[in-house]
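Here the structure comes first, spelled out in structure tokens, and everything after it is commentary.
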Amino acid sequence: MPQPSSNAPLPLAASSFHSSGQPDASPIDRKPWHGSLELTYTRQPQQTQLARCFVQSPMKVQRPFYPEGEVCHTVTLHTAGGIVGGDRLSTRLHLQPQTHALLTSATAGKLYRSNGLDAHQQLQVRLEAGACLEWLPQEVIAFNGAEFRQDTYVELAEDALWMGWELVRLGRTARGEQFLSGNWRSRTQIWQNGRLVWVDPQHIQGGSERLHHPHGLGGCPVMGSFAIVGQDVSAELMAQARDAWHSRTSPPDTPADAGVTQLMGGMLCRYRGFSTLEARRWFVAVWHLARLALCDRPACPPRVW
Amino acid sequence: MENRIDSPIHPAPSRPQLPTESLLRLLQLTSPTLPVGAYTYSEGLETLVQQQQLTTAEALERWLGLELSHGAIRLEAAVIFQGMQAIAQGAPATLQYWNDWLSALRETREMREQSWQMGRSLHRLLHTLEPASAEMLEACGEHCNFAIAFAIAAQHWQIDAQTAVLGYLQSWVSNLVTAGVRLIPLGQTTGQQILLNLSPILEETTIAAQALNPDAFYACGCGVAIASMNHETLYSRLFRS
């Protein structure tokens with residue numbers, strides 16, 4: 001959790017469902033939010049600076065911190081506690097040349113059962129020459145009945161680097177909940193120098209055969225993707241990423257599948273299994289390897305993890 | 001007028017004309033003898049069979065059915081419709097966009113290389129056989145996906161778009177049934193039965209793909225992607241990676 005003393009200039013409006021002791025109740029009676037977040041990073045001699053920050057509730061951002069000097073670590077918050085039908089959230093990030101920022105979220109995201117409307121989240125990223133963005137949010141839990149759609153649009157200049165992951169849990173499986181209805185849609189598009197290099201249009205439909213059939217999720221409630229795009233990735237790095245998966249230590253009762261492949265100017269790791277922790281551990285290991293290989297620096301986990 | 005009975009002094013109405021030329025071109029285009037090497041790929045099936053995840057005729061049929069109704073092949077079919085329309089409208093830039101889109105859609109290196117290799121083979125063939133299709137072929141740049149080369153051929157040979165896509169999907173599914181028959185293994189008759197059983201899904205997918213708006217281009221096929229990724233590092237392989 002964030003350290004309020006140094007890094008939380010804003011009061012974290014604890015959501016009603018948390019404080020009421022009724023975590024099952026989704027706040028579907030609240031009005032939809034149209035929140036946005038716009039961040040611009042510029043290069044200063046010693047470090048990357050968050051030069052412009054525009055926030056509109058329920059999106060918030062903590063004061064950036066610099067645990068490794070140069071790289072600007074930024075933590076975003078969603079102060080409404082989760083996303084409900086009708087919400088429209090938009091994030092725009094602009095990294096000027098030679099900047100390096102790491103973004104993560106303070107807590108796991110929640111997508112509540114829909115009230116009939118769908119929720120839409122948009123992420124637009126522009127990375128200029130030599131810029132690097134690490135987009136490493138915490139996992140998202142899609143409650144049964146959630147109607148959610150997200151669009152991610154990334155524009156990379158020459159030599160820019162995108163490292164982004166996503167972890168989704170379908171249904172609050174710890175409570176025995178399944179994703180019996182609802183939809184989760186996500187479309188990622190990454191362009192580099194005006195050329196489309198990766199498009200990932202995923203749709204999971206609640207209650208469908210694809211949730212259980214091995215062609216789709218094979219009964220796994222957790223899926224994760226980690227894409228590194230913008231620079232050629234060596235066969236060695238991909239082999240290391242595979243080794244990191246095969247040498248993991250996980251309980252035997254969570255049979256998971258994973259794979260690594262090459263993208264056009266990048267690589268992709270996919271996970272389907274039962275544990276967000278297992279997926280995240282693997283992604284963090286790959287992130288560490290990728291940072292060493294591509295940024296010449298070891299991983300520095302953000303303090304909120 | 002509609003119910004007019006032909007006067008007996010007129011000869012019987014002429015036989016309905018066979019779409020001979022376009023039908024023959026489609027058969028040629030979808031034939032296993034088309035030298036593009038489709039039979040050398042298993043699209044993840046080899047991994048699944050080796051891992052004992054796919055061991056029966058029923059499992060193969062359902063796997064292919066799900067790929068048709070919800071997987072990337074459905075989007076490929078939709079892109080053929082888009083591509084043929086772009087060619088008909090003389091819009092090479094739009095065709096190029098869809099070619100780039102397909103390259104970017106490939107979830108694994110293996111599937112991308114497959115589509116490019118087969119596309120390159122058909123591209124070369126068309127260059128020689130149908131020089132008039134050169135403008136559209138060139139629009140695709142260095143890497144032409146097989147579905148796009150197929151769209152160029154189909155449009156050039158004036159094959160109706162629905163029939164072309166139905167043929168494309170049938171040819172795709174035949175290849176994978178053959179791969180499954182070899183890998184699992186299954187009898188040839190069983191393979192033919194699977195093809196027959198999948199006919200309704202081929203038709204449904206064709207109709208759905210034609211109506212699909214690009215805003216609704218989504219797929220679900222996490223299992224295919226992981227199987228294809230792991231085929232790249234499989235210890236022994238019959239099929240190309």
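Simple scheme: letters A, B, ... for chains in structure tokens order, numbers from 1 for residues in each chain, numbers from 1 for ligands in the order shown.
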Might you pull out every residue within 10 Å of range 240-245 of chain A, with only C-alpha atoms counted and same-chain residues fewer than 5 positions away left off, and present them as a tab-separated table (two decimals) with all heavy atoms, in the first residue's frame?
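Saved as part_12.tsv:
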chain	number	residue	atom	x	y	z
A	234	SER	N	15.97	-10.68	-28.56
A	234	SER	CA	16.84	-11.78	-28.96
A	234	SER	C	16.21	-13.13	-28.63
A	234	SER	O	15.35	-13.23	-27.73
A	234	SER	CB	18.18	-11.67	-28.23
A	234	SER	OG	17.99	-11.88	-26.86
A	235	ALA	N	16.66	-14.14	-29.36
A	235	ALA	CA	16.20	-15.51	-29.08
A	235	ALA	C	16.60	-15.89	-27.66
A	235	ALA	O	15.90	-16.65	-26.98
A	235	ALA	CB	16.81	-16.48	-30.09
A	257	ASP	N	-0.99	-23.03	-18.00
A	257	ASP	CA	-0.29	-23.07	-19.29
A	257	ASP	C	0.30	-21.71	-19.55
A	257	ASP	O	-0.29	-20.70	-19.20
A	257	ASP	CB	-1.30	-23.28	-20.43
A	257	ASP	CG	-1.72	-24.71	-20.58
A	257	ASP	OD1	-0.88	-25.58	-20.35
A	257	ASP	OD2	-2.89	-24.93	-20.93
A	258	ALA	N	1.42	-21.72	-20.24
A	258	ALA	CA	1.99	-20.44	-20.62
A	258	ALA	C	2.81	-20.62	-21.88
A	258	ALA	O	3.17	-21.74	-22.24
A	258	ALA	CB	2.87	-19.90	-19.49
A	259	GLY	N	3.07	-19.52	-22.55
A	259	GLY	CA	3.88	-19.58	-23.76
A	259	GLY	C	4.54	-18.24	-24.01
A	259	GLY	O	4.12	-17.20	-23.48
A	260	VAL	N	5.60	-18.30	-24.81
A	260	VAL	CA	6.37	-17.11	-25.17
A	260	VAL	C	6.55	-17.13	-26.68
A	260	VAL	O	6.83	-18.18	-27.25
A	260	VAL	CB	7.75	-17.13	-24.49
A	260	VAL	CG1	8.58	-15.92	-24.90
A	260	VAL	CG2	7.62	-17.20	-22.98
A	261	THR	N	6.39	-16.00	-27.31
A	261	THR	CA	6.66	-15.94	-28.74
A	261	THR	C	7.17	-14.57	-29.14
A	261	THR	O	7.15	-13.63	-28.34
A	261	THR	CB	5.39	-16.31	-29.56
A	261	THR	OG1	5.76	-16.55	-30.93
A	261	THR	CG2	4.37	-15.18	-29.53
A	267	MET	N	8.24	-9.15	-28.07
A	267	MET	CA	7.87	-10.50	-27.64
A	267	MET	C	6.58	-10.47	-26.82
A	267	MET	O	6.18	-9.42	-26.31
A	267	MET	CB	8.99	-11.15	-26.83
A	267	MET	CG	9.25	-10.55	-25.47
A	267	MET	SD	10.68	-11.32	-24.65
A	267	MET	CE	9.87	-12.53	-23.64
A	268	LEU	N	5.97	-11.63	-26.72
A	268	LEU	CA	4.70	-11.75	-26.02
A	268	LEU	C	4.72	-12.98	-25.13
A	268	LEU	O	5.12	-14.06	-25.55
A	268	LEU	CB	3.57	-11.89	-27.05
A	268	LEU	CG	2.18	-12.24	-26.52
A	268	LEU	CD1	1.62	-11.11	-25.67
A	268	LEU	CD2	1.22	-12.52	-27.69
A	269	CYS	N	4.28	-12.80	-23.88
A	269	CYS	CA	4.09	-13.92	-22.96
A	269	CYS	C	2.61	-14.02	-22.65
A	269	CYS	O	1.96	-13.02	-22.37
A	269	CYS	CB	4.81	-13.67	-21.63
A	269	CYS	SG	6.56	-13.39	-21.78
A	271	TYR	N	-0.37	-16.25	-20.36
A	271	TYR	CA	-0.60	-17.15	-19.23
A	271	TYR	C	-2.09	-17.44	-19.12
A	271	TYR	O	-2.92	-16.55	-19.32
A	271	TYR	CB	-0.13	-16.45	-17.94
A	271	TYR	CG	-0.55	-17.16	-16.66
A	271	TYR	CD1	0.31	-18.07	-16.06
A	271	TYR	CD2	-1.78	-16.90	-16.06
A	271	TYR	CE1	-0.07	-18.73	-14.89
A	271	TYR	CE2	-2.16	-17.56	-14.90
A	271	TYR	CZ	-1.30	-18.46	-14.31
A	271	TYR	OH	-1.67	-19.11	-13.15
A	278	GLU	N	0.93	-16.37	-9.29
A	278	GLU	CA	1.84	-17.17	-10.12
A	278	GLU	C	2.16	-16.43	-11.43
A	278	GLU	O	3.32	-16.35	-11.85
A	278	GLU	CB	1.19	-18.53	-10.43
A	278	GLU	CG	2.02	-19.41	-11.34
A	278	GLU	CD	1.28	-20.69	-11.71
A	278	GLU	OE1	0.14	-20.64	-12.19
A	278	GLU	OE2	1.87	-21.76	-11.51
A	279	ALA	N	1.11	-15.89	-12.06
A	279	ALA	CA	1.32	-15.17	-13.31
A	279	ALA	C	2.20	-13.95	-13.07
A	279	ALA	O	3.13	-13.67	-13.85
A	279	ALA	CB	-0.03	-14.73	-13.88
A	281	ARG	N	4.36	-13.38	-10.68
A	281	ARG	CA	5.75	-13.74	-10.37
A	281	ARG	C	6.52	-14.01	-11.65
A	281	ARG	O	7.67	-13.60	-11.81
A	281	ARG	CB	5.78	-15.00	-9.50
A	281	ARG	CG	5.62	-14.70	-8.05
A	281	ARG	CD	5.96	-15.95	-7.24
A	281	ARG	NE	5.58	-15.74	-5.85
A	281	ARG	CZ	4.95	-16.65	-5.12
A	281	ARG	NH1	4.64	-17.83	-5.63
A	281	ARG	NH2	4.65	-16.39	-3.88
A	282	TRP	N	5.87	-14.72	-12.57
A	282	TRP	CA	6.54	-15.02	-13.85
A	282	TRP	C	6.77	-13.73	-14.65
A	282	TRP	O	7.87	-13.49	-15.14
A	282	TRP	CB	5.70	-16.02	-14.65
A	282	TRP	CG	6.31	-16.35	-15.99
A	282	TRP	CD1	7.63	-16.63	-16.25
A	282	TRP	CD2	5.64	-16.43	-17.25
A	282	TRP	NE1	7.80	-16.88	-17.60
A	282	TRP	CE2	6.60	-16.77	-18.22
A	282	TRP	CE3	4.31	-16.26	-17.65
A	282	TRP	CZ2	6.28	-16.93	-19.58
A	282	TRP	CZ3	3.99	-16.43	-18.98
A	282	TRP	CH2	4.97	-16.76	-19.93
A	283	PHE	N	5.73	-12.89	-14.72
A	283	PHE	CA	5.87	-11.64	-15.47
A	283	PHE	C	6.97	-10.76	-14.86
A	283	PHE	O	7.74	-10.13	-15.58
A	283	PHE	CB	4.55	-10.87	-15.51
A	283	PHE	CG	3.51	-11.46	-16.44
A	283	PHE	CD1	2.22	-10.94	-16.51
A	283	PHE	CD2	3.82	-12.54	-17.27
A	283	PHE	CE1	1.26	-11.46	-17.37
A	283	PHE	CE2	2.86	-13.09	-18.13
A	283	PHE	CZ	1.58	-12.54	-18.17
A	284	VAL	N	7.04	-10.73	-13.54
A	284	VAL	CA	8.09	-9.92	-12.90
A	284	VAL	C	9.47	-10.47	-13.25
A	284	VAL	O	10.40	-9.71	-13.54
A	284	VAL	CB	7.87	-9.85	-11.36
A	284	VAL	CG1	9.10	-9.26	-10.67
A	284	VAL	CG2	6.63	-9.01	-11.04
A	285	ALA	N	9.58	-11.80	-13.29
A	285	ALA	CA	10.86	-12.41	-13.65
A	285	ALA	C	11.24	-12.04	-15.09
A	285	ALA	O	12.39	-11.69	-15.38
A	285	ALA	CB	10.79	-13.93	-13.48
A	286	VAL	N	10.25	-12.08	-15.99
A	286	VAL	CA	10.51	-11.73	-17.39
A	286	VAL	C	10.84	-10.24	-17.50
A	286	VAL	O	11.73	-9.83	-18.25
A	286	VAL	CB	9.29	-12.09	-18.28
A	286	VAL	CG1	9.50	-11.59	-19.70
A	286	VAL	CG2	9.04	-13.59	-18.27
A	287	TRP	N	10.12	-9.46	-16.74
A	287	TRP	CA	10.35	-8.01	-16.73
A	287	TRP	C	11.80	-7.71	-16.32
A	287	TRP	O	12.48	-6.88	-16.94
A	287	TRP	CB	9.35	-7.36	-15.76
A	287	TRP	CG	9.53	-5.91	-15.53
A	287	TRP	CD1	9.61	-4.92	-16.46
A	287	TRP	CD2	9.65	-5.26	-14.25
A	287	TRP	NE1	9.77	-3.70	-15.85
A	287	TRP	CE2	9.80	-3.89	-14.49
A	287	TRP	CE3	9.64	-5.72	-12.94
A	287	TRP	CZ2	9.93	-2.95	-13.45
A	287	TRP	CZ3	9.76	-4.79	-11.91
A	287	TRP	CH2	9.92	-3.43	-12.18
A	288	HIS	N	12.24	-8.40	-15.28
A	288	HIS	CA	13.62	-8.22	-14.81
A	288	HIS	C	14.62	-8.56	-15.93
A	288	HIS	O	15.55	-7.79	-16.22
A	288	HIS	CB	13.84	-9.11	-13.58
A	288	HIS	CG	15.24	-9.10	-13.05
A	288	HIS	ND1	15.81	-7.96	-12.53
A	288	HIS	CD2	16.19	-10.06	-12.98
A	288	HIS	CE1	17.05	-8.22	-12.16
A	288	HIS	NE2	17.31	-9.49	-12.42
A	289	LEU	N	14.37	-9.69	-16.61
A	289	LEU	CA	15.28	-10.11	-17.70
A	289	LEU	C	15.24	-9.11	-18.85
A	289	LEU	O	16.27	-8.76	-19.44
A	289	LEU	CB	14.85	-11.49	-18.22
A	289	LEU	CG	15.00	-12.65	-17.23
A	289	LEU	CD1	14.18	-13.85	-17.68
A	289	LEU	CD2	16.47	-13.02	-17.08
A	290	ALA	N	14.03	-8.64	-19.17
A	290	ALA	CA	13.88	-7.71	-20.29
A	290	ALA	C	14.54	-6.37	-19.98
A	290	ALA	O	15.16	-5.75	-20.84
A	290	ALA	CB	12.40	-7.52	-20.62
B	230	ASN	N	4.06	-23.04	-27.95
B	230	ASN	CA	4.86	-24.15	-27.46
B	230	ASN	C	5.27	-25.12	-28.56
B	230	ASN	O	6.18	-25.92	-28.37
B	230	ASN	CB	4.14	-24.84	-26.30
B	230	ASN	CG	4.07	-23.92	-25.09
B	230	ASN	OD1	5.00	-23.16	-24.84
B	230	ASN	ND2	2.98	-23.94	-24.36
B	233	THR	N	8.90	-24.76	-29.66
B	233	THR	CA	9.99	-25.37	-28.90
B	233	THR	C	9.76	-26.86	-28.65
B	233	THR	O	10.45	-27.46	-27.83
B	233	THR	CB	10.16	-24.66	-27.53
B	233	THR	OG1	8.89	-24.66	-26.87
B	233	THR	CG2	10.62	-23.24	-27.70
Using only C-alpha atoms, tabulate the residues of chain A lying at most 8 Å from any atom of chain B, each with its closest atom pair and that distance in Å to one decimal, by chain and increasing residue number, as a Markdown table.
| residue | atom | partner | partner_atom | distance |
| --- | --- | --- | --- | --- |
| A:Arg185 | CA | B:Tyr218 | CA | 7.8 |
| A:Arg187 | CA | B:Tyr218 | CA | 7.7 |
| A:Arg195 | CA | B:Asp100 | CA | 7.8 |
| A:Leu196 | CA | B:Ala104 | CA | 6.3 |
| A:Val197 | CA | B:Ala104 | CA | 5.0 |
| A:Trp198 | CA | B:Ala104 | CA | 4.2 |
| A:Val199 | CA | B:Leu105 | CA | 5.0 |
| A:Asp200 | CA | B:Leu105 | CA | 6.2 |
| A:Pro201 | CA | B:Tyr218 | CA | 4.7 |
| A:Gln202 | CA | B:Ala219 | CA | 5.3 |
| A:His203 | CA | B:Cys220 | CA | 5.6 |
| A:Ile204 | CA | B:Cys220 | CA | 6.6 |
| A:Arg210 | CA | B:Cys220 | CA | 7.5 |
| A:Pro214 | CA | B:Gly223 | CA | 5.6 |
| A:His215 | CA | B:Gly223 | CA | 4.4 |
| A:Gly216 | CA | B:Gly221 | CA | 4.8 |
| A:Leu217 | CA | B:Cys222 | CA | 6.1 |
| A:Gly218 | CA | B:Gly223 | CA | 7.2 |
| A:Asp257 | CA | B:Ile226 | CA | 7.2 |
| A:Ala258 | CA | B:Ile226 | CA | 6.1 |
| A:Gly259 | CA | B:Ile226 | CA | 5.1 |
| A:Val260 | CA | B:Met229 | CA | 5.9 |
| A:Thr261 | CA | B:Thr108 | CA | 5.5 |
| A:Gln262 | CA | B:Arg109 | CA | 5.3 |
| A:Leu263 | CA | B:Arg109 | CA | 6.4 |
| A:Met264 | CA | B:Ala104 | CA | 7.5 |
| A:Arg270 | CA | B:Ile226 | CA | 6.9 |
| A:Arg272 | CA | B:Cys222 | CA | 7.7 |
Top pick for closest residue to Cys220 in chain A, considering A:Gly182, A:Gly164, A:Gly176, A:Pro255 and counting only C-alpha atoms: A:Pro255
Contacts of Gln49 in chain A within 12 Å, only C-alpha atoms, excl. fewer than 5 positions in-chain, as a count of residues only: 25
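Taking CA of Gln205 in chain A as the reference point, CA of Arg113 in chain A is found at 13.5 Å.
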DSSP strand (DSSP E or B) selection over range 46-201 of chain A, as an MDAnalysis selection string: chainID A and resid 48:56 59:61 65 72:78 83 88:95 100:105 109:111 119:127 132:135 140:142 147:156 161:170 183:192 195:201
Writing out the chosen residues with C-alpha atoms as a compact mmCIF listing (two decimals), in the first residue's frame:
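Wrote again-v9.txt, looks like this:
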# COMPACT_ATOMS: atom_id res chain seq x y z
CA THR A 48 12.32 11.90 -16.06
CA GLN A 49 9.92 14.48 -14.74
CA LEU A 50 6.15 14.35 -14.59
CA ALA A 51 5.76 17.78 -16.14
CA ARG A 52 2.02 17.89 -16.64
CA CYS A 53 -0.66 16.11 -14.70
CA PHE A 54 -4.34 16.55 -15.29
CA VAL A 55 -6.71 14.41 -13.26
CA GLN A 56 -10.43 14.15 -13.15
CA MET A 59 -8.76 8.94 -11.33
CA LYS A 60 -5.96 10.15 -9.13
CA VAL A 61 -2.23 9.99 -9.20
CA PHE A 65 8.90 8.86 -6.69
CA CYS A 72 9.82 8.16 -12.77
CA HIS A 73 7.61 5.74 -10.81
CA THR A 74 3.99 6.82 -10.89
CA VAL A 75 1.10 5.21 -9.03
CA THR A 76 -2.43 5.72 -10.21
CA LEU A 77 -5.54 5.29 -8.10
CA HIS A 78 -9.14 4.71 -8.85
CA ILE A 83 -15.76 0.36 -12.35
CA ARG A 88 -16.00 6.15 -19.05
CA LEU A 89 -12.37 6.32 -18.06
CA SER A 90 -9.68 7.76 -20.21
CA THR A 91 -5.93 7.82 -19.67
CA ARG A 92 -3.54 9.66 -21.95
CA LEU A 93 0.18 9.40 -21.54
CA HIS A 94 2.80 11.30 -23.44
CA LEU A 95 6.46 10.49 -22.99
CA HIS A 100 11.46 6.55 -18.84
CA ALA A 101 8.38 6.07 -16.70
CA LEU A 102 6.91 3.17 -14.78
CA LEU A 103 3.21 3.21 -14.04
CA THR A 104 1.31 0.91 -11.78
CA SER A 105 -1.93 0.99 -9.84
CA GLY A 109 -9.02 -3.12 -10.21
CA LYS A 110 -12.63 -4.24 -9.95
CA LEU A 111 -15.20 -4.47 -12.67
CA ALA A 119 -18.14 0.38 -18.92
CA HIS A 120 -15.46 1.67 -21.22
CA GLN A 121 -11.83 2.35 -20.49
CA GLN A 122 -9.42 3.93 -22.91
CA LEU A 123 -5.66 4.17 -22.78
CA GLN A 124 -3.78 6.28 -25.29
CA VAL A 125 -0.02 6.34 -25.17
CA ARG A 126 2.49 8.24 -27.22
CA LEU A 127 6.16 7.42 -26.80
CA CYS A 132 10.33 3.77 -22.44
CA LEU A 133 7.06 3.12 -20.67
CA GLU A 134 6.48 0.29 -18.26
CA TRP A 135 2.74 -0.17 -17.84
CA VAL A 140 -8.25 -6.67 -12.50
CA ILE A 141 -11.14 -8.74 -11.17
CA ALA A 142 -14.15 -8.96 -13.43
CA GLU A 147 -19.85 -5.57 -19.12
CA PHE A 148 -16.48 -4.10 -19.87
CA ARG A 149 -14.61 -2.89 -22.90
CA GLN A 150 -11.17 -1.36 -23.10
CA ASP A 151 -9.20 0.11 -25.95
CA THR A 152 -5.47 0.56 -25.74
CA TYR A 153 -3.72 2.54 -28.40
CA VAL A 154 0.06 2.90 -28.31
CA GLU A 155 2.12 4.93 -30.73
CA LEU A 156 5.84 4.30 -30.67
CA LEU A 161 9.91 0.74 -25.89
CA TRP A 162 6.61 -0.43 -24.48
CA MET A 163 6.46 -3.04 -21.74
CA GLY A 164 2.91 -3.65 -20.69
CA TRP A 165 1.08 -6.40 -18.92
CA GLU A 166 -2.44 -7.22 -18.01
CA LEU A 167 -3.81 -9.73 -15.55
CA VAL A 168 -7.50 -10.52 -15.40
CA ARG A 169 -9.40 -12.76 -13.05
CA LEU A 170 -12.85 -13.74 -14.26
CA ASN A 183 -18.46 -9.66 -21.38
CA TRP A 184 -14.85 -8.62 -21.16
CA ARG A 185 -13.43 -7.09 -24.31
CA SER A 186 -10.01 -5.66 -24.80
CA ARG A 187 -8.40 -4.38 -27.95
CA THR A 188 -4.76 -3.34 -27.95
CA GLN A 189 -3.15 -1.73 -30.97
CA ILE A 190 0.51 -0.83 -31.10
CA TRP A 191 1.93 1.26 -33.92
CA GLN A 192 5.54 2.07 -34.56
CA ARG A 195 3.06 0.90 -38.98
CA LEU A 196 0.73 -1.39 -37.07
CA VAL A 197 2.92 -3.92 -35.28
CA TRP A 198 0.55 -5.66 -32.89
CA VAL A 199 -3.19 -5.92 -32.54
CA ASP A 200 -4.74 -8.01 -29.81
CA PRO A 201 -8.54 -8.08 -29.86
Long-range neighbours of range 148-162 of chain B as a tab-separated table (two decimals) with all heavy atoms, in the first residue's frame, 7 Å cut-off, only C-alpha atoms, 4 positions minimum in chain:
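New file result-v1.tsv:
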chain	number	residue	atom	x	y	z
B	22	SER	N	-15.65	-19.24	-62.76
B	22	SER	CA	-15.31	-18.87	-61.39
B	22	SER	C	-15.28	-20.10	-60.48
B	22	SER	O	-14.46	-20.18	-59.56
B	22	SER	CB	-16.28	-17.82	-60.86
B	22	SER	OG	-17.58	-18.34	-60.81
B	25	ARG	N	-11.98	-21.81	-61.00
B	25	ARG	CA	-10.89	-21.06	-60.38
B	25	ARG	C	-10.89	-21.27	-58.86
B	25	ARG	O	-9.85	-21.42	-58.24
B	25	ARG	CB	-11.02	-19.56	-60.68
B	25	ARG	CG	-10.89	-19.17	-62.13
B	25	ARG	CD	-9.51	-19.42	-62.71
B	25	ARG	NE	-9.52	-19.12	-64.13
B	25	ARG	CZ	-9.86	-20.00	-65.08
B	25	ARG	NH1	-10.19	-21.23	-64.76
B	25	ARG	NH2	-9.86	-19.65	-66.34
B	26	LEU	N	-12.08	-21.27	-58.28
B	26	LEU	CA	-12.18	-21.48	-56.82
B	26	LEU	C	-11.66	-22.86	-56.44
B	26	LEU	O	-10.92	-23.01	-55.46
B	26	LEU	CB	-13.63	-21.31	-56.35
B	26	LEU	CG	-13.82	-21.53	-54.83
B	26	LEU	CD1	-13.15	-20.42	-54.03
B	26	LEU	CD2	-15.29	-21.61	-54.46
B	80	ILE	N	-11.01	-11.18	-45.46
B	80	ILE	CA	-11.11	-11.49	-46.89
B	80	ILE	C	-12.27	-10.69	-47.51
B	80	ILE	O	-12.12	-10.11	-48.59
B	80	ILE	CB	-11.28	-13.00	-47.13
B	80	ILE	CG1	-10.01	-13.73	-46.69
B	80	ILE	CG2	-11.56	-13.29	-48.62
B	80	ILE	CD1	-10.07	-15.24	-46.81
B	81	PHE	N	-13.39	-10.62	-46.80
B	81	PHE	CA	-14.50	-9.79	-47.30
B	81	PHE	C	-14.05	-8.33	-47.45
B	81	PHE	O	-14.32	-7.69	-48.46
B	81	PHE	CB	-15.71	-9.86	-46.36
B	81	PHE	CG	-16.53	-11.11	-46.52
B	81	PHE	CD1	-16.60	-12.06	-45.52
B	81	PHE	CD2	-17.26	-11.32	-47.69
B	81	PHE	CE1	-17.37	-13.21	-45.66
B	81	PHE	CE2	-18.04	-12.47	-47.84
B	81	PHE	CZ	-18.09	-13.42	-46.83
B	83	GLY	N	-11.02	-7.20	-47.77
B	83	GLY	CA	-9.99	-7.11	-48.81
B	83	GLY	C	-10.60	-7.16	-50.20
B	83	GLY	O	-10.23	-6.36	-51.07
B	84	MET	N	-11.55	-8.06	-50.41
B	84	MET	CA	-12.15	-8.17	-51.74
B	84	MET	C	-12.91	-6.89	-52.09
B	84	MET	O	-12.90	-6.43	-53.23
B	84	MET	CB	-13.08	-9.39	-51.82
B	84	MET	CG	-12.30	-10.70	-51.87
B	84	MET	SD	-13.34	-12.17	-52.09
B	84	MET	CE	-13.87	-12.02	-53.81
B	99	ASN	N	-3.84	-6.02	-44.83
B	99	ASN	CA	-2.70	-6.93	-44.82
B	99	ASN	C	-1.84	-6.69	-43.57
B	99	ASN	O	-1.46	-7.63	-42.87
B	99	ASN	CB	-1.87	-6.75	-46.09
B	99	ASN	CG	-0.78	-7.79	-46.19
B	99	ASN	OD1	-1.03	-8.98	-46.05
B	99	ASN	ND2	0.46	-7.35	-46.39
B	119	GLY	N	1.39	-16.94	-48.20
B	119	GLY	CA	1.04	-15.74	-48.97
B	119	GLY	C	2.07	-15.47	-50.05
B	119	GLY	O	1.73	-15.14	-51.20
B	122	LEU	N	1.61	-17.94	-52.99
B	122	LEU	CA	0.47	-17.61	-53.85
B	122	LEU	C	0.72	-16.31	-54.61
B	122	LEU	O	0.35	-16.17	-55.78
B	122	LEU	CB	-0.81	-17.51	-53.01
B	122	LEU	CG	-2.12	-17.24	-53.77
B	122	LEU	CD1	-2.34	-18.25	-54.88
B	122	LEU	CD2	-3.31	-17.25	-52.81
B	123	HIS	N	1.38	-15.38	-53.95
B	123	HIS	CA	1.75	-14.09	-54.54
B	123	HIS	C	2.59	-14.33	-55.80
B	123	HIS	O	2.30	-13.79	-56.88
B	123	HIS	CB	2.55	-13.33	-53.47
B	123	HIS	CG	2.89	-11.92	-53.80
B	123	HIS	ND1	3.86	-11.57	-54.71
B	123	HIS	CD2	2.41	-10.75	-53.29
B	123	HIS	CE1	3.96	-10.24	-54.75
B	123	HIS	NE2	3.09	-9.73	-53.91
B	133	SER	N	-2.93	-8.67	-61.97
B	133	SER	CA	-3.21	-8.47	-60.54
B	133	SER	C	-2.03	-7.81	-59.82
B	133	SER	O	-2.06	-7.66	-58.59
B	133	SER	CB	-3.56	-9.80	-59.88
B	133	SER	OG	-2.46	-10.70	-59.96
B	136	MET	N	-2.40	-4.79	-57.10
B	136	MET	CA	-2.89	-5.15	-55.76
B	136	MET	C	-1.84	-5.99	-55.02
B	136	MET	O	-1.68	-5.85	-53.81
B	136	MET	CB	-4.21	-5.91	-55.87
B	136	MET	CG	-5.36	-5.03	-56.30
B	136	MET	SD	-5.65	-3.68	-55.12
B	136	MET	CE	-6.65	-2.57	-56.11
B	144	CYS	N	3.05	-10.53	-47.66
B	144	CYS	CA	1.65	-10.65	-48.03
B	144	CYS	C	1.06	-11.85	-47.30
B	144	CYS	O	1.54	-12.97	-47.44
B	144	CYS	CB	1.54	-10.83	-49.54
B	144	CYS	SG	-0.14	-10.97	-50.13
B	166	LEU	N	-16.28	-19.14	-48.16
B	166	LEU	CA	-16.68	-20.51	-47.81
B	166	LEU	C	-15.60	-21.50	-48.27
B	166	LEU	O	-15.22	-22.41	-47.52
B	166	LEU	CB	-18.03	-20.82	-48.49
B	166	LEU	CG	-18.75	-22.09	-48.05
B	166	LEU	CD1	-19.15	-22.02	-46.59
B	166	LEU	CD2	-19.99	-22.30	-48.92
B	206	THR	N	-19.15	-18.07	-42.41
B	206	THR	CA	-19.08	-17.24	-43.61
B	206	THR	C	-20.09	-16.11	-43.53
B	206	THR	O	-19.76	-14.93	-43.78
B	206	THR	CB	-19.35	-18.10	-44.87
B	206	THR	OG1	-18.40	-19.16	-44.88
B	206	THR	CG2	-19.23	-17.28	-46.13
For Ile73 in chain B: contacts at 10 Å, only C-alpha atoms, fewer than 5 positions along chain excluded, given as a ChimeraX atom specification: /B:64,66-68,78-79,147,168-169,172-173,205,209,219
All helix (DSSP H, G or I) positions in range 42-238 of chain B, as number ranges by chain: B: 45-50, 57-70, 72-88, 92-105, 109-129, 131-139, 146-156, 161-183, 188-211, 214-216, 222-231
